[in-house]
Amino acid sequence: MNGATTSGELRAHNRVRLLRAVHDCGASRTRSQLTRDLGLARGTASVLVAGLADDGLLHEEPAPEHARGRPTQIPGPHPLGPLALAADIREDAWELAACELGGRVTIIAVRPHDGTPEDALVPLGEAMAAHRAQAGYRVIGAGVALAGPVRHGGLVDIAHLGWRSVDVPSLLGVETPLIVGNDTALAALAEARRGRLRGVRVGLHLHVDFDLGGVLVVDGRPLGGASGTGAEFGHMPLTGGDRPCPCGAIGCWGMDVGANALLRHVGLAYGGGRGREQAEQVLATSQEAVTANAGALGRGVAALVNAHDPEAVTLSGHGRELLERAGDALQAACEPALMAIRRDRPPRIEGSALGWRGSLLGAMESVFDAFLTPEGLGRWRKNQPDQARDTPDRENVMHSTPKR
Ligand SMILES: [Zn+2]
């Protein structure tokens, strides 16, 4: 049992399991369902839920409907429970969200930027600090997604924006524990937890924005590489092109798929993370550009399927739109490029269940992954002010001191 030997360790282990189960199911399962799922005795589950409620981690609500017998309770996030800050930093704008246990996301700020590290990151760090000042001990950490390879220590390169070894943690300047991740890898993580790669042993996830990123997901985990800079399938010469890529290589697949490729196809200026609206216009109106993009996407998918034999291929960002608008062109390019032994049972190719939200949700998951451990829950207990305990009702907590 993961080395849990003493009764204290066993209890800490079960607290984590129960919170993890509540989080992963989106706070949708009743206490008795969770008790069954986790193989707990009913009395043990009651004691665990009561303890987690006392610690300001869980709060139970009656299920909307119950058949007969006693009303059943659904454990969900405590109204003063932990919050993960999550940010998706794209090439032209970012959004920042506060996320509860169970995965409910509230967007708290959205801001365009000029593509420079300072204009992208400094105001985001300020927005995070402002929220932390307001929410205090509730903020357990921050996760940020960026459109480039992330090396250990949060150093980020985004070739087509001219970012080289940008020190993201120091520009953000936040005091909360910070996790910096690649947008595709985080979108893949979210897809594995809450989307169409859930329960899939070997999956391939591709995220298309201005260009394309891809990563293999094994047993729910994106393969990050030895130095954390995996998820770069977009920089493989899979489509036979010969254009120089800003990454320094020639003929990268990502040059042929995404907003930059759509803009180039119709002769518009592209690059530098500009032109999102024009690219969406092209996507909506130019079938020829869409077909060419979808074909390049399909050929690359076939190459990766030949290599990795995934059960499923999921597409987020513009990838989902390319599949919806030109799925036939995508399949027509993919199938002949598959090895004969792969053609009988090709993997399913599906749009993401999470749309454009995957990277943000993955950033959230990375924060809860660090929190949902015996150590993380121990820190929470230590940091929590006494008055937040034993009072699950937000109103009671906010007005706990009589005015007169
Ligand atoms: Zn490249």
# chains A, B, ... in the order shown; residues from 1 in each chain; ligands from 1
>>> select_by_dssp(residues="stretch 259-333 of chain A", states="helix (DSSP H, G or I)", output="NGL selection string")
:A and (259-265 or 276-285 or 287-308 or 318-333)
>>> select_by_dssp(residues="stretch 136-280 of chain A", states="strand (DSSP E)", output="PyMOL selection string")
chain A and resi 139-146+150-151+155-158+163-167+178-182+202-208+212-218+221-222
>>> write_last_selection(atoms="N, CA and C atoms", output="short mmCIF file (atom, residue, chain, number, x, y, z; two decimals), in the first residue's frame")
data_model
loop_
_atom_site.label_atom_id
_atom_site.label_comp_id
_atom_site.auth_asym_id
_atom_site.auth_seq_id
_atom_site.Cartn_x
_atom_site.Cartn_y
_atom_site.Cartn_z
N VAL A 139 -4.56 29.86 -1.86
CA VAL A 139 -3.81 29.63 -3.10
C VAL A 139 -2.67 28.64 -2.81
N ILE A 140 -2.76 27.45 -3.40
CA ILE A 140 -1.80 26.38 -3.11
C ILE A 140 -0.67 26.33 -4.12
N GLY A 141 -0.78 27.09 -5.21
CA GLY A 141 0.28 27.07 -6.21
C GLY A 141 -0.25 27.60 -7.53
N ALA A 142 0.68 27.78 -8.47
CA ALA A 142 0.30 28.29 -9.78
C ALA A 142 0.94 27.42 -10.85
N GLY A 143 0.18 27.18 -11.92
CA GLY A 143 0.71 26.46 -13.07
C GLY A 143 0.56 27.33 -14.31
N VAL A 144 1.58 27.39 -15.14
CA VAL A 144 1.46 28.17 -16.38
C VAL A 144 1.86 27.32 -17.57
N ALA A 145 1.10 27.49 -18.66
CA ALA A 145 1.34 26.78 -19.91
C ALA A 145 1.92 27.75 -20.93
N LEU A 146 2.98 27.33 -21.62
CA LEU A 146 3.62 28.19 -22.62
C LEU A 146 3.85 27.42 -23.91
N VAL A 150 10.08 23.73 -22.44
CA VAL A 150 10.39 24.26 -21.11
C VAL A 150 11.50 23.41 -20.51
N ARG A 151 12.63 24.04 -20.21
CA ARG A 151 13.71 23.30 -19.56
C ARG A 151 13.59 23.41 -18.06
N LEU A 155 13.03 27.60 -17.78
CA LEU A 155 13.61 28.36 -18.90
C LEU A 155 12.86 27.96 -20.18
N VAL A 156 12.37 28.97 -20.91
CA VAL A 156 11.50 28.70 -22.05
C VAL A 156 12.06 29.31 -23.33
N ASP A 157 11.98 28.53 -24.42
CA ASP A 157 12.32 29.03 -25.75
C ASP A 157 11.05 29.00 -26.59
N ILE A 158 10.71 30.13 -27.19
CA ILE A 158 9.63 30.12 -28.18
C ILE A 158 10.24 30.73 -29.44
N TRP A 163 12.02 34.12 -28.29
CA TRP A 163 12.35 33.89 -26.87
C TRP A 163 13.46 32.85 -26.79
N ARG A 164 14.58 33.22 -26.14
CA ARG A 164 15.66 32.25 -25.93
C ARG A 164 15.98 32.21 -24.45
N SER A 165 15.83 31.06 -23.84
CA SER A 165 16.14 30.86 -22.42
C SER A 165 15.50 31.93 -21.54
N VAL A 166 14.23 32.21 -21.78
CA VAL A 166 13.52 33.20 -20.96
C VAL A 166 13.24 32.59 -19.59
N ASP A 167 13.66 33.30 -18.55
CA ASP A 167 13.51 32.82 -17.17
C ASP A 167 12.10 33.19 -16.68
N LEU A 178 5.42 27.38 -8.11
CA LEU A 178 5.11 27.62 -9.52
C LEU A 178 5.54 26.42 -10.36
N ILE A 179 4.65 25.99 -11.26
CA ILE A 179 4.98 24.93 -12.21
C ILE A 179 4.84 25.49 -13.61
N VAL A 180 5.91 25.43 -14.40
CA VAL A 180 5.90 25.93 -15.76
C VAL A 180 5.90 24.73 -16.69
N GLY A 181 4.98 24.69 -17.65
CA GLY A 181 4.90 23.53 -18.54
C GLY A 181 4.62 23.92 -19.98
N ASN A 182 4.90 22.98 -20.87
CA ASN A 182 4.62 23.17 -22.29
C ASN A 182 3.11 23.03 -22.54
N VAL A 202 -1.93 4.02 -24.49
CA VAL A 202 -0.98 4.77 -25.32
C VAL A 202 -1.79 5.67 -26.25
N GLY A 203 -1.65 6.96 -26.08
CA GLY A 203 -2.38 7.92 -26.90
C GLY A 203 -1.43 8.97 -27.46
N LEU A 204 -1.89 9.62 -28.52
CA LEU A 204 -1.11 10.70 -29.12
C LEU A 204 -1.96 11.95 -29.07
N HIS A 205 -1.43 13.02 -28.50
CA HIS A 205 -2.20 14.27 -28.47
C HIS A 205 -1.47 15.35 -29.26
N LEU A 206 -2.25 16.04 -30.11
CA LEU A 206 -1.69 17.12 -30.93
C LEU A 206 -2.46 18.41 -30.64
N HIS A 207 -1.71 19.48 -30.39
CA HIS A 207 -2.33 20.77 -30.10
C HIS A 207 -1.89 21.75 -31.19
N VAL A 208 -2.87 22.34 -31.86
CA VAL A 208 -2.56 23.23 -32.99
C VAL A 208 -3.00 24.64 -32.64
N LEU A 212 2.21 23.68 -34.54
CA LEU A 212 1.68 22.44 -33.99
C LEU A 212 2.65 21.82 -32.99
N GLY A 213 2.10 21.31 -31.90
CA GLY A 213 2.90 20.54 -30.96
C GLY A 213 2.24 19.19 -30.76
N GLY A 214 3.04 18.19 -30.39
CA GLY A 214 2.46 16.88 -30.18
C GLY A 214 3.25 16.11 -29.14
N VAL A 215 2.59 15.20 -28.47
CA VAL A 215 3.27 14.43 -27.43
C VAL A 215 2.60 13.07 -27.31
N LEU A 216 3.39 12.07 -26.96
CA LEU A 216 2.87 10.74 -26.69
C LEU A 216 2.46 10.68 -25.22
N VAL A 217 1.29 10.07 -24.97
CA VAL A 217 0.78 9.95 -23.60
C VAL A 217 0.71 8.47 -23.25
N VAL A 218 1.47 8.07 -22.24
CA VAL A 218 1.53 6.66 -21.84
C VAL A 218 1.01 6.54 -20.41
N ARG A 221 0.25 9.76 -18.72
CA ARG A 221 1.31 10.76 -18.52
C ARG A 221 1.98 11.13 -19.83
N PRO A 222 2.02 12.44 -20.19
CA PRO A 222 2.76 12.86 -21.38
C PRO A 222 4.26 12.58 -21.17
#
>>> residues_near_ligand(ligand="ligand 1", cutoff="9 Å", atoms="only C-alpha atoms and all ligand atoms", output="list of chain:residue names")
A:Ala159, A:Glu232, A:Gly234, A:His235, A:Met236, A:Pro237, A:Pro244, A:Cys245, A:Pro246, A:Cys247, A:Gly248, A:Ala249, A:Ile250, A:Gly251, A:Cys252, A:Trp253, A:Gly254, A:Met255
>>> residues_around(residues="stretch 378-380 of chain A", least_positions_apart="5", cutoff="12 Å", atoms="only C-alpha atoms", output="PyMOL selection string")
chain A and resi 9+12-13+15-16+52+55-57+80-83+136-141+370-373+385-386+388-389
>>> write_last_selection(atoms="N, CA and C atoms", output="compact mmCIF listing (two decimals), in the first residue's frame")
# COMPACT_ATOMS: atom_id res chain seq x y z
N GLU A 9 -0.11 6.75 8.81
CA GLU A 9 0.26 6.80 7.38
C GLU A 9 -0.89 6.31 6.51
N ALA A 12 -3.43 9.07 6.25
CA ALA A 12 -2.95 10.13 5.35
C ALA A 12 -3.09 9.67 3.89
N HIS A 13 -2.77 8.41 3.67
CA HIS A 13 -2.86 7.83 2.32
C HIS A 13 -4.32 7.82 1.84
N ARG A 15 -6.77 9.76 2.92
CA ARG A 15 -7.23 11.15 2.71
C ARG A 15 -6.88 11.60 1.29
N VAL A 16 -5.65 11.30 0.89
CA VAL A 16 -5.22 11.68 -0.47
C VAL A 16 -6.06 10.95 -1.52
N LEU A 52 -11.77 15.71 6.61
CA LEU A 52 -11.43 16.59 5.48
C LEU A 52 -12.31 17.85 5.48
N ASP A 55 -10.88 20.19 8.00
CA ASP A 55 -9.66 20.83 7.51
C ASP A 55 -9.93 21.80 6.36
N GLY A 56 -11.21 22.05 6.07
CA GLY A 56 -11.53 23.00 5.00
C GLY A 56 -11.17 22.50 3.63
N LEU A 57 -11.21 21.18 3.44
CA LEU A 57 -10.85 20.62 2.13
C LEU A 57 -12.07 20.10 1.37
N LEU A 80 -14.16 27.44 1.25
CA LEU A 80 -12.91 28.15 1.54
C LEU A 80 -11.71 27.22 1.32
N GLY A 81 -11.88 26.28 0.41
CA GLY A 81 -10.85 25.27 0.17
C GLY A 81 -9.75 25.75 -0.76
N PRO A 82 -8.85 24.83 -1.10
CA PRO A 82 -7.68 25.18 -1.89
C PRO A 82 -8.04 25.68 -3.30
N LEU A 83 -7.23 26.63 -3.78
CA LEU A 83 -7.37 27.16 -5.14
C LEU A 83 -6.04 27.01 -5.86
N GLY A 136 -5.25 34.66 -0.18
CA GLY A 136 -4.39 34.26 0.92
C GLY A 136 -4.00 32.80 0.91
N TYR A 137 -4.18 32.15 2.09
CA TYR A 137 -3.73 30.78 2.27
C TYR A 137 -4.39 29.81 1.30
N ARG A 138 -5.55 30.21 0.71
CA ARG A 138 -6.26 29.28 -0.18
C ARG A 138 -5.46 28.96 -1.44
N VAL A 139 -4.56 29.86 -1.86
CA VAL A 139 -3.81 29.63 -3.10
C VAL A 139 -2.67 28.64 -2.81
N ILE A 140 -2.76 27.45 -3.40
CA ILE A 140 -1.80 26.38 -3.11
C ILE A 140 -0.67 26.33 -4.12
N GLY A 141 -0.78 27.09 -5.21
CA GLY A 141 0.28 27.07 -6.21
C GLY A 141 -0.25 27.60 -7.53
N ALA A 370 0.72 18.20 -7.36
CA ALA A 370 1.71 18.48 -6.30
C ALA A 370 1.04 18.61 -4.94
N PHE A 371 -0.21 19.06 -4.93
CA PHE A 371 -0.92 19.28 -3.66
C PHE A 371 -1.49 17.99 -3.08
N LEU A 372 -2.02 17.13 -3.93
CA LEU A 372 -2.72 15.92 -3.44
C LEU A 372 -1.72 14.82 -3.07
N THR A 373 -0.96 15.11 -2.04
CA THR A 373 0.03 14.19 -1.48
C THR A 373 -0.06 14.37 0.04
N PRO A 385 -5.74 29.22 8.70
CA PRO A 385 -6.10 29.90 9.94
C PRO A 385 -7.20 29.13 10.67
N ASP A 386 -7.22 29.21 12.01
CA ASP A 386 -8.17 28.43 12.81
C ASP A 386 -9.62 28.75 12.50
N ALA A 388 -11.15 29.31 9.90
CA ALA A 388 -11.74 28.71 8.69
C ALA A 388 -12.23 27.29 8.93
N ARG A 389 -11.88 26.71 10.09
CA ARG A 389 -12.26 25.32 10.35
C ARG A 389 -13.66 25.21 10.93
>>> closest_residue(among="A:Pro347, A:Thr6, A:Gly295, A:Phe233", to="A:Gly327", atoms="only C-alpha atoms")
A:Gly295
>>> residues_around(residues="stretch 300-312 of chain A", least_positions_apart="3", cutoff="8 Å", atoms="only C-alpha atoms", output="short mmCIF file (atom, residue, chain, number, x, y, z; two decimals) with C-alpha atoms, in the first residue's frame")
data_model
loop_
_atom_site.label_atom_id
_atom_site.label_comp_id
_atom_site.auth_asym_id
_atom_site.auth_seq_id
_atom_site.Cartn_x
_atom_site.Cartn_y
_atom_site.Cartn_z
CA LEU A 197 -7.55 9.99 -23.56
CA VAL A 200 -6.20 5.09 -22.86
CA ARG A 201 -2.88 3.30 -22.35
CA VAL A 202 -0.98 4.77 -25.32
CA GLY A 203 -2.38 7.92 -26.90
CA LEU A 204 -1.11 10.70 -29.12
CA LEU A 238 7.12 14.58 -41.43
CA THR A 239 5.57 16.21 -44.50
CA TRP A 253 5.84 19.57 -39.68
CA ALA A 296 -0.47 17.96 -43.78
CA LEU A 297 -1.91 17.13 -40.38
CA CYS A 334 -3.42 9.70 -43.31
CA GLU A 335 -4.57 6.30 -44.58
CA ALA A 337 0.75 6.84 -45.35
CA LEU A 338 -0.03 4.14 -42.76
CA MET A 339 1.89 0.88 -42.86
CA ARG A 342 -1.81 -0.50 -39.30
CA PRO A 347 -6.46 4.40 -34.19
CA ARG A 348 -9.48 6.63 -33.78
CA ILE A 349 -8.80 10.31 -34.49
CA GLU A 350 -10.97 12.61 -32.39
#
>>> closest_residue(among="A:Asp209, A:Gly258, A:Arg299, A:Glu191", to="A:Gly351", atoms="only C-alpha atoms")
A:Glu191
>>> atom_distance(atom1="atom CA of A:Ser227", atom2="atom CA of A:Gly154")
11.3 Å
>>> closest_residue(among="A:Thr229, A:Gln287, A:Glu61, A:Arg274", to="A:Leu161", atoms="only C-alpha atoms")
A:Arg274
>>> atom_distance(atom1="atom CA of A:Pro346", atom2="atom CA of A:Leu262")
27.4 Å
>>> residues_around(residues="A:His131", least_positions_apart="4", cutoff="9 Å", atoms="only C-alpha atoms", output="ChimeraX atom specification")
/A:85,98,108,126-127,135-136,139
>>> residues_around(residues="A:Ala329", least_positions_apart="5", cutoff="9 Å", atoms="only C-alpha atoms", output="PyMOL selection string")
chain A and resi 291-292+294-295+298+323+334
